[in-house]
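Here the structure comes first, spelled out in structure tokens, and everything after it is commentary.
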Amino acid sequence: MPKSIMAVNAGSSSVKVTFYTFENPPRTIADAQVSGFTAPPPTFKYQRGDYQHKEELENTINTPQDAFQFILHRCFNDPELSEVASDDDLSYICHRVVHGGDYTEALEINDDTLHHLETLEDLAPLHNFSALEIIRLCKNKLPSVKSITFFDSSFHQTMPLHVKTYPINQEIAKQNGLRKYGFHGISYSFILRSVAQYLNKPAEKTNLIVMHIGSGASICAIREGKSIDTSMGLTPLAGLPGATRSGDIDPSLVFHYTSDAGKLSPASTKEMHISQAEEILNKQSGWKALTGTTDFSKIAMENPPSESHKLAFDILVDRILGYIGNYYVKLGGEVDALVFAGGIGEKSALLRRTLIEKTGSLGVAIDSDANDQGPEDKTVKDITKGGGKGPRVLICQTNEQFEMAYHIVTTRS
Ligand SMILES: Nc1ncnc2c1ncn2[C@@H]1O[C@H](COP(=O)(O)OP(=O)(O)O)[C@@H](O)[C@H]1O
Ligand SMILES: CC(=O)OP(=O)(O)O
Ligand SMILES: [Mg+2]
């Protein structure tokens, strides 16, 4: 029996770890996640077969690397999970790394590649630092298992030069790798394959506007199976606002915010160099700054608890609409589907309804009951109102861990 695969997805508010069988398609053996670092106490959820467990964790777990260690310990010591009890049972570890610079494909970790990834750390300090900490941890604790990194940015390598380029001094831009990279690409790749399959079209002929709305949120325009634009940029800060991120602002705001904005933040360490401005715009902004909560289910309500909650909701809706309009035009109106994904995109019927009501001019409409029911247990759920002439409206339950494991079983068996 081939050994199992462990897929690790370190996001900004959660760490998700799934164990899979080595077969095509990979089958889930167990799924564990710690979520809510930004709204402590964090929650641990664990599922194996029919067994489900949920508990609140102590506040001692507040980084992705702590959460990963906790999950690994719990899974390896679960007597009912005999398939994965030690490194002997694993063939590969897949790691989601948000920023992969110019890498177009997954990469096997060795001393050289790890070193190169360390040089990219400053381009996404808040994401890559934790992911690399987890990779280093696996190298130490599970040295016999191959680690493969998958990059959020790889999917967007197909963006045209004029989309990737910032209009600044090109010598400095090239020297420092200053361009649009885009993120959530592992998720977009899963969504593209799943939606194309659902639509019964080859991926290379599929045009989509996909919204990955979670605690980090982005949108992607896909033409003939390729990313032609996305809302995040050099770092995952650009574009839409998120749980703790401002999204797009006038860059000059940084110089007027506080006189200390350019100094190193207290969170800086020997390995991670982060300025106060980066810390403020990445970790102390977004709906947390507007409402005090990072839990979007407390914001996306018919009767929100305060004007600030309503404002946070309206801002997100406004910014998403701007991108839908932008990408609809860039795709020449030839859009097979608008797709909702990510924690919020999948769970908030109110956000979907509000957005689709405001996009009526594109000929899109949704079935209210289907929208309220949410994705149920389907990977792709169609919520289009019958008879519409515009693009379909779909919910896709994205799965970055599956996407990585799928890549392993289809390329390395
Ligand atoms: N029922 C719900 N309605 C609206 N938002 C929700 C709901 N349940 C969870 N969320 C939000 O989903 C987000 C997490 O999304 P997810 O994509 O899993 O995050 P991450 O960015 O960590 O990968 C959190 O901001 C959470 O508040
Ligand atoms: C790129 C990014 O923002 O990822 P996440 O939403 O998982 O934090
Ligand atoms: Mg995520």
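We name chains A, B, ... following the order of the structure tokens; residues begin at 1 in each chain, and ligands are numbered from 1 as shown.
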Each residue of chain A lying at most 6 Å from ligand 1 should get a row with its shortest atom-to-atom pair and the distance in Å to one decimal, counting only C-alpha atoms and all ligand atoms; could you produce that, ordered by chain and increasing number, as CSV?
```
residue,atom,partner,partner_atom_place_in_ligand_line,distance
A:Gly11,CA,ligand 1,22 (O),4.4
A:Ser12,CA,ligand 1,22 (O),4.8
A:Ser13,CA,ligand 1,22 (O),3.8
A:Ser14,CA,ligand 1,22 (O),4.2
A:Gly214,CA,ligand 1,17 (O),3.6
A:Ser215,CA,ligand 1,21 (O),3.9
A:Gly216,CA,ligand 1,21 (O),4.6
A:Ala243,CA,ligand 1,25 (O),5.7
A:Thr294,CA,ligand 1,25 (O),5.6
A:Asp295,CA,ligand 1,27 (O),3.3
A:Phe296,CA,ligand 1,27 (O),3.8
A:Ser297,CA,ligand 1,4 (C),3.6
A:Ala300,CA,ligand 1,4 (C),6.0
A:Gly342,CA,ligand 1,17 (O),4.1
A:Gly343,CA,ligand 1,15 (O),3.3
A:Ile344,CA,ligand 1,5 (N),4.2
A:Lys347,CA,ligand 1,2 (C),4.7
A:Ser348,CA,ligand 1,3 (N),4.3
```
List all protein, DNA and RNA residues that have at least one atom no more than 12 Å from any atom of ligand 3, counting only C-alpha atoms and all ligand atoms, and write them as an mmCIF file with all heavy atoms, in the first residue's frame.
```cif
data_model
loop_
_atom_site.group_PDB
_atom_site.id
_atom_site.type_symbol
_atom_site.label_atom_id
_atom_site.label_comp_id
_atom_site.auth_asym_id
_atom_site.auth_seq_id
_atom_site.Cartn_x
_atom_site.Cartn_y
_atom_site.Cartn_z
ATOM 1 N N VAL A 8 -0.384 20.676 3.531
ATOM 2 C CA VAL A 8 -0.446 21.722 4.553
ATOM 3 C C VAL A 8 -0.763 23.067 3.893
ATOM 4 O O VAL A 8 -0.071 23.491 2.973
ATOM 5 C CB VAL A 8 0.924 21.862 5.279
ATOM 6 C CG1 VAL A 8 0.817 22.852 6.431
ATOM 7 C CG2 VAL A 8 1.435 20.520 5.762
ATOM 8 N N ASN A 9 -1.808 23.722 4.379
ATOM 9 C CA ASN A 9 -2.225 25.016 3.833
ATOM 10 C C ASN A 9 -2.214 26.049 4.948
ATOM 11 O O ASN A 9 -3.131 26.112 5.760
ATOM 12 C CB ASN A 9 -3.629 24.859 3.234
ATOM 13 C CG ASN A 9 -4.272 26.183 2.847
ATOM 14 O OD1 ASN A 9 -3.645 27.248 2.909
ATOM 15 N ND2 ASN A 9 -5.534 26.113 2.459
ATOM 16 N N ALA A 10 -1.128 26.819 5.003
ATOM 17 C CA ALA A 10 -1.036 27.860 6.031
ATOM 18 C C ALA A 10 -1.599 29.154 5.457
ATOM 19 O O ALA A 10 -0.981 29.792 4.612
ATOM 20 C CB ALA A 10 0.417 28.044 6.461
ATOM 21 N N GLY A 11 -2.794 29.539 5.899
ATOM 22 C CA GLY A 11 -3.431 30.791 5.457
ATOM 23 C C GLY A 11 -3.212 31.861 6.508
ATOM 24 O O GLY A 11 -2.496 31.651 7.495
ATOM 25 N N SER A 12 -3.851 33.021 6.310
ATOM 26 C CA SER A 12 -3.602 34.111 7.252
ATOM 27 C C SER A 12 -4.391 33.946 8.534
ATOM 28 O O SER A 12 -4.000 34.462 9.569
ATOM 29 C CB SER A 12 -3.927 35.451 6.602
ATOM 30 O OG SER A 12 -5.206 35.417 6.033
ATOM 31 N N SER A 13 -5.503 33.192 8.489
ATOM 32 C CA SER A 13 -6.266 33.042 9.728
ATOM 33 C C SER A 13 -6.401 31.586 10.134
ATOM 34 O O SER A 13 -7.049 31.267 11.118
ATOM 35 C CB SER A 13 -7.661 33.665 9.571
ATOM 36 O OG SER A 13 -8.489 32.844 8.787
ATOM 37 N N SER A 14 -5.796 30.675 9.340
ATOM 38 C CA SER A 14 -5.992 29.260 9.633
ATOM 39 C C SER A 14 -4.831 28.413 9.116
ATOM 40 O O SER A 14 -4.086 28.860 8.236
ATOM 41 C CB SER A 14 -7.272 28.782 8.942
ATOM 42 O OG SER A 14 -7.148 28.940 7.548
ATOM 43 N N VAL A 15 -4.690 27.215 9.690
ATOM 44 C CA VAL A 15 -3.816 26.200 9.098
ATOM 45 C C VAL A 15 -4.676 24.969 8.874
ATOM 46 O O VAL A 15 -5.364 24.503 9.792
ATOM 47 C CB VAL A 15 -2.636 25.840 10.018
ATOM 48 C CG1 VAL A 15 -1.891 24.632 9.470
ATOM 49 C CG2 VAL A 15 -1.675 27.002 10.119
ATOM 50 N N LYS A 16 -4.676 24.495 7.637
ATOM 51 C CA LYS A 16 -5.483 23.328 7.295
ATOM 52 C C LYS A 16 -4.529 22.221 6.877
ATOM 53 O O LYS A 16 -3.660 22.445 6.022
ATOM 54 C CB LYS A 16 -6.441 23.676 6.153
ATOM 55 C CG LYS A 16 -7.403 24.822 6.517
ATOM 56 C CD LYS A 16 -8.155 25.383 5.311
ATOM 57 C CE LYS A 16 -8.978 26.609 5.740
ATOM 58 N NZ LYS A 16 -9.434 27.439 4.631
ATOM 59 N N GLN A 33 -7.911 21.169 11.148
ATOM 60 C CA GLN A 33 -7.582 22.588 10.969
ATOM 61 C C GLN A 33 -7.685 23.372 12.259
ATOM 62 O O GLN A 33 -8.483 23.039 13.132
ATOM 63 C CB GLN A 33 -8.423 23.227 9.891
ATOM 64 C CG GLN A 33 -9.915 23.088 10.015
ATOM 65 C CD GLN A 33 -10.580 23.882 8.895
ATOM 66 O OE1 GLN A 33 -10.681 25.103 8.956
ATOM 67 N NE2 GLN A 33 -11.031 23.189 7.862
ATOM 68 N N SER A 35 -8.397 27.253 13.137
ATOM 69 C CA SER A 35 -8.762 28.512 12.490
ATOM 70 C C SER A 35 -9.039 29.585 13.532
ATOM 71 O O SER A 35 -9.229 29.279 14.710
ATOM 72 C CB SER A 35 -9.977 28.314 11.589
ATOM 73 O OG SER A 35 -11.015 27.740 12.322
ATOM 74 N N GLY A 36 -9.043 30.838 13.064
ATOM 75 C CA GLY A 36 -9.397 31.959 13.935
ATOM 76 C C GLY A 36 -8.242 32.535 14.737
ATOM 77 O O GLY A 36 -8.459 33.049 15.817
ATOM 78 N N ARG A 96 1.674 24.727 0.945
ATOM 79 C CA ARG A 96 1.246 25.921 0.212
ATOM 80 C C ARG A 96 2.141 27.076 0.635
ATOM 81 O O ARG A 96 2.218 27.404 1.819
ATOM 82 C CB ARG A 96 -0.207 26.252 0.543
ATOM 83 C CG ARG A 96 -0.651 27.573 -0.037
ATOM 84 C CD ARG A 96 -2.076 27.925 0.347
ATOM 85 N NE ARG A 96 -2.397 29.253 -0.132
ATOM 86 C CZ ARG A 96 -3.043 30.171 0.574
ATOM 87 N NH1 ARG A 96 -3.457 29.904 1.801
ATOM 88 N NH2 ARG A 96 -3.283 31.351 0.062
ATOM 89 N N VAL A 97 2.841 27.660 -0.334
ATOM 90 C CA VAL A 97 3.645 28.854 -0.062
ATOM 91 C C VAL A 97 3.061 29.969 -0.922
ATOM 92 O O VAL A 97 2.873 29.797 -2.129
ATOM 93 C CB VAL A 97 5.139 28.621 -0.411
ATOM 94 C CG1 VAL A 97 5.935 29.914 -0.298
ATOM 95 C CG2 VAL A 97 5.730 27.567 0.507
ATOM 96 N N VAL A 98 2.705 31.057 -0.285
ATOM 97 C CA VAL A 98 1.967 32.089 -0.995
ATOM 98 C C VAL A 98 2.821 32.738 -2.089
ATOM 99 O O VAL A 98 2.422 32.809 -3.248
ATOM 100 C CB VAL A 98 1.423 33.112 0.040
ATOM 101 C CG1 VAL A 98 1.034 34.408 -0.635
ATOM 102 C CG2 VAL A 98 0.218 32.515 0.757
ATOM 103 N N HIS A 127 3.011 35.969 5.201
ATOM 104 C CA HIS A 127 2.610 34.617 4.800
ATOM 105 C C HIS A 127 3.806 33.678 4.712
ATOM 106 O O HIS A 127 3.798 32.590 5.257
ATOM 107 C CB HIS A 127 1.915 34.643 3.437
ATOM 108 C CG HIS A 127 0.491 35.060 3.504
ATOM 109 N ND1 HIS A 127 0.107 36.371 3.463
ATOM 110 C CD2 HIS A 127 -0.644 34.347 3.622
ATOM 111 C CE1 HIS A 127 -1.205 36.444 3.539
ATOM 112 N NE2 HIS A 127 -1.693 35.220 3.635
ATOM 113 N N ASP A 152 1.157 29.990 -4.593
ATOM 114 C CA ASP A 152 -0.064 30.706 -4.974
ATOM 115 C C ASP A 152 0.157 31.540 -6.228
ATOM 116 O O ASP A 152 -0.760 31.780 -7.001
ATOM 117 C CB ASP A 152 -0.452 31.682 -3.852
ATOM 118 C CG ASP A 152 -1.507 31.118 -2.921
ATOM 119 O OD1 ASP A 152 -1.595 29.887 -2.807
ATOM 120 O OD2 ASP A 152 -2.226 31.925 -2.304
ATOM 121 N N PHE A 183 -2.042 36.016 -6.118
ATOM 122 C CA PHE A 183 -2.023 34.886 -5.169
ATOM 123 C C PHE A 183 -3.330 34.088 -5.242
ATOM 124 O O PHE A 183 -4.116 34.330 -6.139
ATOM 125 C CB PHE A 183 -1.736 35.428 -3.761
ATOM 126 C CG PHE A 183 -0.456 36.236 -3.771
ATOM 127 C CD1 PHE A 183 -0.492 37.635 -3.848
ATOM 128 C CD2 PHE A 183 0.774 35.606 -3.822
ATOM 129 C CE1 PHE A 183 0.680 38.381 -3.937
ATOM 130 C CE2 PHE A 183 1.953 36.343 -3.909
ATOM 131 C CZ PHE A 183 1.896 37.733 -3.956
ATOM 132 N N HIS A 184 -3.504 33.155 -4.313
ATOM 133 C CA HIS A 184 -4.644 32.221 -4.287
ATOM 134 C C HIS A 184 -4.673 31.323 -5.529
ATOM 135 O O HIS A 184 -5.710 30.780 -5.900
ATOM 136 C CB HIS A 184 -6.005 32.960 -4.176
ATOM 137 C CG HIS A 184 -6.256 33.571 -2.831
ATOM 138 N ND1 HIS A 184 -6.804 34.816 -2.658
ATOM 139 C CD2 HIS A 184 -6.030 33.108 -1.578
ATOM 140 C CE1 HIS A 184 -6.904 35.100 -1.368
ATOM 141 N NE2 HIS A 184 -6.430 34.073 -0.684
ATOM 142 N N GLY A 185 -3.509 31.181 -6.194
ATOM 143 C CA GLY A 185 -3.480 30.462 -7.470
ATOM 144 C C GLY A 185 -3.724 28.963 -7.345
ATOM 145 O O GLY A 185 -4.224 28.336 -8.282
ATOM 146 N N ILE A 186 -3.364 28.377 -6.207
ATOM 147 C CA ILE A 186 -3.627 26.932 -6.030
ATOM 148 C C ILE A 186 -5.139 26.741 -5.992
ATOM 149 O O ILE A 186 -5.691 25.820 -6.600
ATOM 150 C CB ILE A 186 -2.962 26.415 -4.728
ATOM 151 C CG1 ILE A 186 -1.452 26.678 -4.771
ATOM 152 C CG2 ILE A 186 -3.260 24.931 -4.519
ATOM 153 C CD1 ILE A 186 -0.737 26.467 -3.439
ATOM 154 N N SER A 187 -5.805 27.673 -5.317
ATOM 155 C CA SER A 187 -7.266 27.636 -5.259
ATOM 156 C C SER A 187 -7.860 27.870 -6.654
ATOM 157 O O SER A 187 -8.767 27.140 -7.085
ATOM 158 C CB SER A 187 -7.747 28.710 -4.275
ATOM 159 O OG SER A 187 -9.131 28.875 -4.360
ATOM 160 N N TYR A 188 -7.359 28.848 -7.394
ATOM 161 C CA TYR A 188 -7.908 29.119 -8.736
ATOM 162 C C TYR A 188 -7.725 27.920 -9.665
ATOM 163 O O TYR A 188 -8.559 27.639 -10.519
ATOM 164 C CB TYR A 188 -7.270 30.375 -9.341
ATOM 165 C CG TYR A 188 -7.714 31.653 -8.648
ATOM 166 C CD1 TYR A 188 -6.798 32.594 -8.200
ATOM 167 C CD2 TYR A 188 -9.066 31.895 -8.421
ATOM 168 C CE1 TYR A 188 -7.207 33.761 -7.549
ATOM 169 C CE2 TYR A 188 -9.491 33.046 -7.770
ATOM 170 C CZ TYR A 188 -8.559 33.973 -7.336
ATOM 171 O OH TYR A 188 -8.976 35.113 -6.690
ATOM 172 N N HIS A 212 -12.277 34.567 -4.845
ATOM 173 C CA HIS A 212 -11.847 33.782 -3.667
ATOM 174 C C HIS A 212 -11.914 34.749 -2.479
ATOM 175 O O HIS A 212 -11.015 35.566 -2.281
ATOM 176 C CB HIS A 212 -10.434 33.237 -3.860
ATOM 177 C CG HIS A 212 -9.945 32.471 -2.658
ATOM 178 N ND1 HIS A 212 -9.649 31.126 -2.676
ATOM 179 C CD2 HIS A 212 -9.726 32.868 -1.385
ATOM 180 C CE1 HIS A 212 -9.281 30.738 -1.473
ATOM 181 N NE2 HIS A 212 -9.310 31.782 -0.671
ATOM 182 N N ILE A 213 -13.013 34.668 -1.735
ATOM 183 C CA ILE A 213 -13.223 35.639 -0.656
ATOM 184 C C ILE A 213 -13.130 34.918 0.687
ATOM 185 O O ILE A 213 -14.064 34.219 1.103
ATOM 186 C CB ILE A 213 -14.616 36.331 -0.781
ATOM 187 C CG1 ILE A 213 -14.911 36.736 -2.229
ATOM 188 C CG2 ILE A 213 -14.692 37.538 0.165
ATOM 189 C CD1 ILE A 213 -14.079 37.851 -2.783
ATOM 190 N N GLY A 214 -11.980 35.065 1.347
ATOM 191 C CA GLY A 214 -11.788 34.510 2.692
ATOM 192 C C GLY A 214 -11.246 35.618 3.562
ATOM 193 O O GLY A 214 -11.477 36.800 3.263
ATOM 194 N N SER A 215 -10.480 35.274 4.581
ATOM 195 C CA SER A 215 -9.936 36.372 5.377
ATOM 196 C C SER A 215 -8.911 37.159 4.553
ATOM 197 O O SER A 215 -8.682 38.331 4.793
ATOM 198 C CB SER A 215 -9.391 35.889 6.710
ATOM 199 O OG SER A 215 -8.450 34.914 6.496
ATOM 200 N N GLY A 216 -8.308 36.503 3.559
ATOM 201 C CA GLY A 216 -7.620 37.212 2.475
ATOM 202 C C GLY A 216 -8.522 37.039 1.258
ATOM 203 O O GLY A 216 -9.027 35.950 1.028
ATOM 204 N N ALA A 217 -8.731 38.118 0.485
ATOM 205 C CA ALA A 217 -9.712 38.026 -0.607
ATOM 206 C C ALA A 217 -9.098 38.500 -1.917
ATOM 207 O O ALA A 217 -8.379 39.499 -1.943
ATOM 208 C CB ALA A 217 -10.934 38.873 -0.269
ATOM 209 N N SER A 218 -9.365 37.764 -2.996
ATOM 210 C CA SER A 218 -8.914 38.233 -4.304
ATOM 211 C C SER A 218 -9.877 37.771 -5.385
ATOM 212 O O SER A 218 -10.746 36.920 -5.144
ATOM 213 C CB SER A 218 -7.494 37.731 -4.615
ATOM 214 O OG SER A 218 -7.479 36.364 -4.941
ATOM 215 N N PRO A 236 0.141 40.090 -1.034
ATOM 216 C CA PRO A 236 -1.306 39.844 -0.896
ATOM 217 C C PRO A 236 -2.067 41.016 -0.279
ATOM 218 O O PRO A 236 -3.242 40.901 0.001
ATOM 219 C CB PRO A 236 -1.373 38.620 0.032
ATOM 220 C CG PRO A 236 -0.027 37.999 -0.018
ATOM 221 C CD PRO A 236 0.936 39.136 -0.237
ATOM 222 N N GLY A 242 -9.554 42.831 3.417
ATOM 223 C CA GLY A 242 -9.746 41.510 4.027
ATOM 224 C C GLY A 242 -10.002 41.650 5.511
ATOM 225 O O GLY A 242 -10.288 42.752 6.002
ATOM 226 N N ALA A 243 -9.862 40.543 6.230
ATOM 227 C CA ALA A 243 -10.151 40.538 7.669
ATOM 228 C C ALA A 243 -9.300 41.574 8.397
ATOM 229 O O ALA A 243 -9.791 42.327 9.234
ATOM 230 C CB ALA A 243 -9.898 39.151 8.229
ATOM 231 N N ALA A 341 -16.075 31.552 -4.119
ATOM 232 C CA ALA A 341 -15.315 30.544 -3.377
ATOM 233 C C ALA A 341 -14.661 31.195 -2.162
ATOM 234 O O ALA A 341 -14.800 32.417 -1.944
ATOM 235 C CB ALA A 341 -14.256 29.917 -4.288
ATOM 236 N N GLY A 342 -13.950 30.390 -1.360
ATOM 237 C CA GLY A 342 -13.310 30.889 -0.133
ATOM 238 C C GLY A 342 -14.314 30.860 1.011
ATOM 239 O O GLY A 342 -15.534 30.738 0.784
ATOM 240 N N GLY A 343 -13.807 30.971 2.246
ATOM 241 C CA GLY A 343 -14.671 30.849 3.436
ATOM 242 C C GLY A 343 -15.918 31.715 3.344
ATOM 243 O O GLY A 343 -17.032 31.254 3.630
ATOM 244 N N ILE A 344 -15.766 32.956 2.906
ATOM 245 C CA ILE A 344 -16.907 33.873 2.863
ATOM 246 C C ILE A 344 -17.728 33.664 1.585
ATOM 247 O O ILE A 344 -18.957 33.602 1.624
ATOM 248 C CB ILE A 344 -16.406 35.334 2.962
ATOM 249 C CG1 ILE A 344 -15.716 35.534 4.327
ATOM 250 C CG2 ILE A 344 -17.534 36.320 2.766
ATOM 251 C CD1 ILE A 344 -14.935 36.824 4.447
ATOM 252 N N GLY A 345 -17.039 33.525 0.464
ATOM 253 C CA GLY A 345 -17.724 33.309 -0.815
ATOM 254 C C GLY A 345 -18.610 32.071 -0.776
ATOM 255 O O GLY A 345 -19.681 32.025 -1.382
ATOM 256 N N GLN A 397 -16.666 24.936 -3.739
ATOM 257 C CA GLN A 397 -15.974 24.716 -2.462
ATOM 258 C C GLN A 397 -14.524 24.396 -2.784
ATOM 259 O O GLN A 397 -14.194 23.263 -3.144
ATOM 260 C CB GLN A 397 -16.606 23.563 -1.692
ATOM 261 C CG GLN A 397 -18.043 23.856 -1.309
ATOM 262 C CD GLN A 397 -18.504 22.947 -0.185
ATOM 263 O OE1 GLN A 397 -18.055 23.041 0.945
ATOM 264 N NE2 GLN A 397 -19.415 22.044 -0.506
ATOM 265 N N THR A 398 -13.706 25.413 -2.684
ATOM 266 C CA THR A 398 -12.323 25.244 -3.107
ATOM 267 C C THR A 398 -11.562 24.384 -2.102
ATOM 268 O O THR A 398 -11.969 24.237 -0.953
ATOM 269 C CB THR A 398 -11.645 26.621 -3.309
ATOM 270 O OG1 THR A 398 -10.391 26.419 -3.961
ATOM 271 C CG2 THR A 398 -11.410 27.343 -1.994
ATOM 272 N N ASN A 399 -10.470 23.794 -2.562
ATOM 273 C CA ASN A 399 -9.722 22.888 -1.680
ATOM 274 C C ASN A 399 -8.252 22.878 -2.115
ATOM 275 O O ASN A 399 -7.855 22.139 -3.014
ATOM 276 C CB ASN A 399 -10.335 21.485 -1.760
ATOM 277 C CG ASN A 399 -9.810 20.598 -0.660
ATOM 278 O OD1 ASN A 399 -8.693 20.800 -0.154
ATOM 279 N ND2 ASN A 399 -10.588 19.599 -0.286
ATOM 280 N N GLU A 400 -7.493 23.752 -1.474
ATOM 281 C CA GLU A 400 -6.083 23.899 -1.856
ATOM 282 C C GLU A 400 -5.275 22.648 -1.508
ATOM 283 O O GLU A 400 -4.364 22.266 -2.235
ATOM 284 C CB GLU A 400 -5.503 25.145 -1.173
ATOM 285 C CG GLU A 400 -6.088 26.439 -1.753
ATOM 286 C CD GLU A 400 -6.234 27.575 -0.754
ATOM 287 O OE1 GLU A 400 -6.752 27.338 0.373
ATOM 288 O OE2 GLU A 400 -5.834 28.701 -1.069
ATOM 289 N N GLN A 401 -5.628 21.991 -0.388
ATOM 290 C CA GLN A 401 -4.898 20.775 -0.010
ATOM 291 C C GLN A 401 -5.098 19.690 -1.077
ATOM 292 O O GLN A 401 -4.160 19.027 -1.483
ATOM 293 C CB GLN A 401 -5.367 20.225 1.351
ATOM 294 C CG GLN A 401 -5.173 21.178 2.512
ATOM 295 C CD GLN A 401 -6.414 22.011 2.730
ATOM 296 O OE1 GLN A 401 -6.644 22.966 2.004
ATOM 297 N NE2 GLN A 401 -7.212 21.673 3.717
#
```
Quiz item: If we count only C-alpha atoms, what is near Thr293 (chain A) at a cut-off of 9 Å, once residues fewer than 6 positions away on the same chain are taken out, given as an MDAnalysis selection string?
Solution: chainID A and resid 38:39 243 287 299
Quiz prompt | Polymer residues at most 12 Å from Asn24 (chain A), only C-alpha atoms, same-chain spacing of 4 or more positions, as a list of chain:residue names | solution = A:Pro2, A:Tyr20, A:Thr28, A:Phe402, A:Glu403, A:Ala405, A:Tyr406, A:His407, A:Ile408, A:Val409, A:Thr410, A:Thr411, A:Arg412, A:Ser413
Quiz item: Just asking: which residues within region 84-272 of chain A are helix (DSSP H, G or I) according to DSSP, as a ChimeraX atom specification?
Solution: /A:87-89,111-123,125-141,154-158,161-164,170-176,185-199,203-205,253-257
Practice problem: May I ask which of the residues A:Thr43, A:Gln69, A:Ser231, A:Ser361 is the closest one to ligand 2, counting only C-alpha atoms and all ligand atoms? | Solution: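 So, comparing all the options, the nearest one is A:Ser231.
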Quiz item: Which of these, A:Ser227, A:Gln284, A:Thr235, A:Ser306, has the shortest distance to Glu121 (chain A) once you count only C-alpha atoms?
Solution: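 Closest candidate: A:Thr235.
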Practice problem: List every residue of region 206-235 of chain A that DSSP, applied to the backbone, labels as strand (DSSP E), and write the result as a list in words. | Solution: Leu208, Ile209, Val210, Met211, His212, Ile213, Ala217, Ser218, Ile219, Cys220, Ala221, Ile222, Arg223, Lys226, Ser227, Ile228, Asp229 and Thr230 of chain A
Quiz prompt | Closest of A:Phe150, A:Tyr257, A:Tyr181, A:Phe44 to Val163 (chain A) - atom-to-atom distances counting only C-alpha atoms | solution =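 Between A:Phe150, A:Tyr257, A:Tyr181, A:Phe44, the residue approaching Val163 (chain A) most closely is A:Tyr181.
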Quiz item: Which residue out of A:Pro160, A:Pro125, A:Gly182, A:Gly100 has the minimum interatomic distance to ligand 2 when only C-alpha atoms and all ligand atoms are used?
Solution: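 The shortest atom-to-atom distance to ligand 2 comes from A:Gly182.
Each of A:Leu240, A:Leu355, A:Ile135, A:Leu107 was checked against Arg319 (chain A) using only C-alpha atoms; the smallest atom-to-atom distance is that of A:Leu240.
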Quiz prompt | Spatial neighbours of Glu271 (chain A), max dist 12 Å, only C-alpha atoms, sep filter under 5 positions, as a list of chain:residue names | solution = A:Glu118, A:Thr119, A:Leu120, A:Glu121, A:Asp122, A:Pro125, A:Leu126, A:Asn128, A:Phe129, A:Ser130, A:Leu132, A:Glu133
Exercise. For CA of Lys180 (chain A) and CA of Asp112 (chain A), determine how far apart the two atoms are, in Å to one decimal place.
Key: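 It comes out at 25.1 Å.
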Practice problem: Report the distance between CA of Asp318 (chain A) and CA of Ala124 (chain A) in Å, rounded to one decimal place. | Solution: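 Computing it gives 25.9 Å between the two atoms.
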Quiz item: Which residues, written as number ranges by chain, have at least one atom at most 7 Å from Ile383 (chain A), with only C-alpha atoms counted and residues fewer than 4 positions away on the same chain left out?
Solution: A: 366-367, 370-371, 393-394
Now that the selection is made, can you save its residues with N, CA and C atoms as a PDB file, in the first residue's frame?
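Wrote again-v5.pdb, looks like this:
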```pdb
ATOM      1  N   ILE A 366     -29.727  34.950  -9.757  1.00  0.00           N
ATOM      2  CA  ILE A 366     -29.609  33.693  -9.008  1.00  0.00           C
ATOM      3  C   ILE A 366     -30.959  33.230  -8.479  1.00  0.00           C
ATOM      4  N   ASP A 367     -31.028  31.924  -8.263  1.00  0.00           N
ATOM      5  CA  ASP A 367     -32.190  31.307  -7.645  1.00  0.00           C
ATOM      6  C   ASP A 367     -32.037  31.490  -6.136  1.00  0.00           C
ATOM      7  N   ALA A 370     -31.715  28.256  -3.933  1.00  0.00           N
ATOM      8  CA  ALA A 370     -30.429  27.567  -4.154  1.00  0.00           C
ATOM      9  C   ALA A 370     -29.308  28.352  -3.491  1.00  0.00           C
ATOM     10  N   ASN A 371     -29.383  29.677  -3.587  1.00  0.00           N
ATOM     11  CA  ASN A 371     -28.352  30.518  -2.961  1.00  0.00           C
ATOM     12  C   ASN A 371     -28.392  30.357  -1.437  1.00  0.00           C
ATOM     13  N   VAL A 393     -23.947  31.454 -12.464  1.00  0.00           N
ATOM     14  CA  VAL A 393     -23.421  31.834 -11.160  1.00  0.00           C
ATOM     15  C   VAL A 393     -23.231  30.549 -10.354  1.00  0.00           C
ATOM     16  N   LEU A 394     -21.998  30.315  -9.921  1.00  0.00           N
ATOM     17  CA  LEU A 394     -21.669  29.055  -9.269  1.00  0.00           C
ATOM     18  C   LEU A 394     -21.010  29.305  -7.916  1.00  0.00           C
TER      19      LEU A 394
END
```
Self-check item: Residue among A:Ala7, A:Ala67, A:Met232, A:Leu178 lying closest to ligand 2, counting only C-alpha atoms and all ligand atoms
Solution: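 Among the listed residues, A:Met232 lies closest to ligand 2.
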Quiz item: What is the CA of Ala106 (chain A) to CA of Val380 (chain A) distance in Å?
Solution: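 CA of Ala106 (chain A) sits 25.6 Å away from CA of Val380 (chain A).
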Quiz prompt | 10 Å contact set for Ser147 (chain A), only C-alpha atoms, chain neighbours under 4 positions out, as a PyMOL selection string | solution = chain A and resi 6-7+91-95+107-110+135-136+138-139+142-143
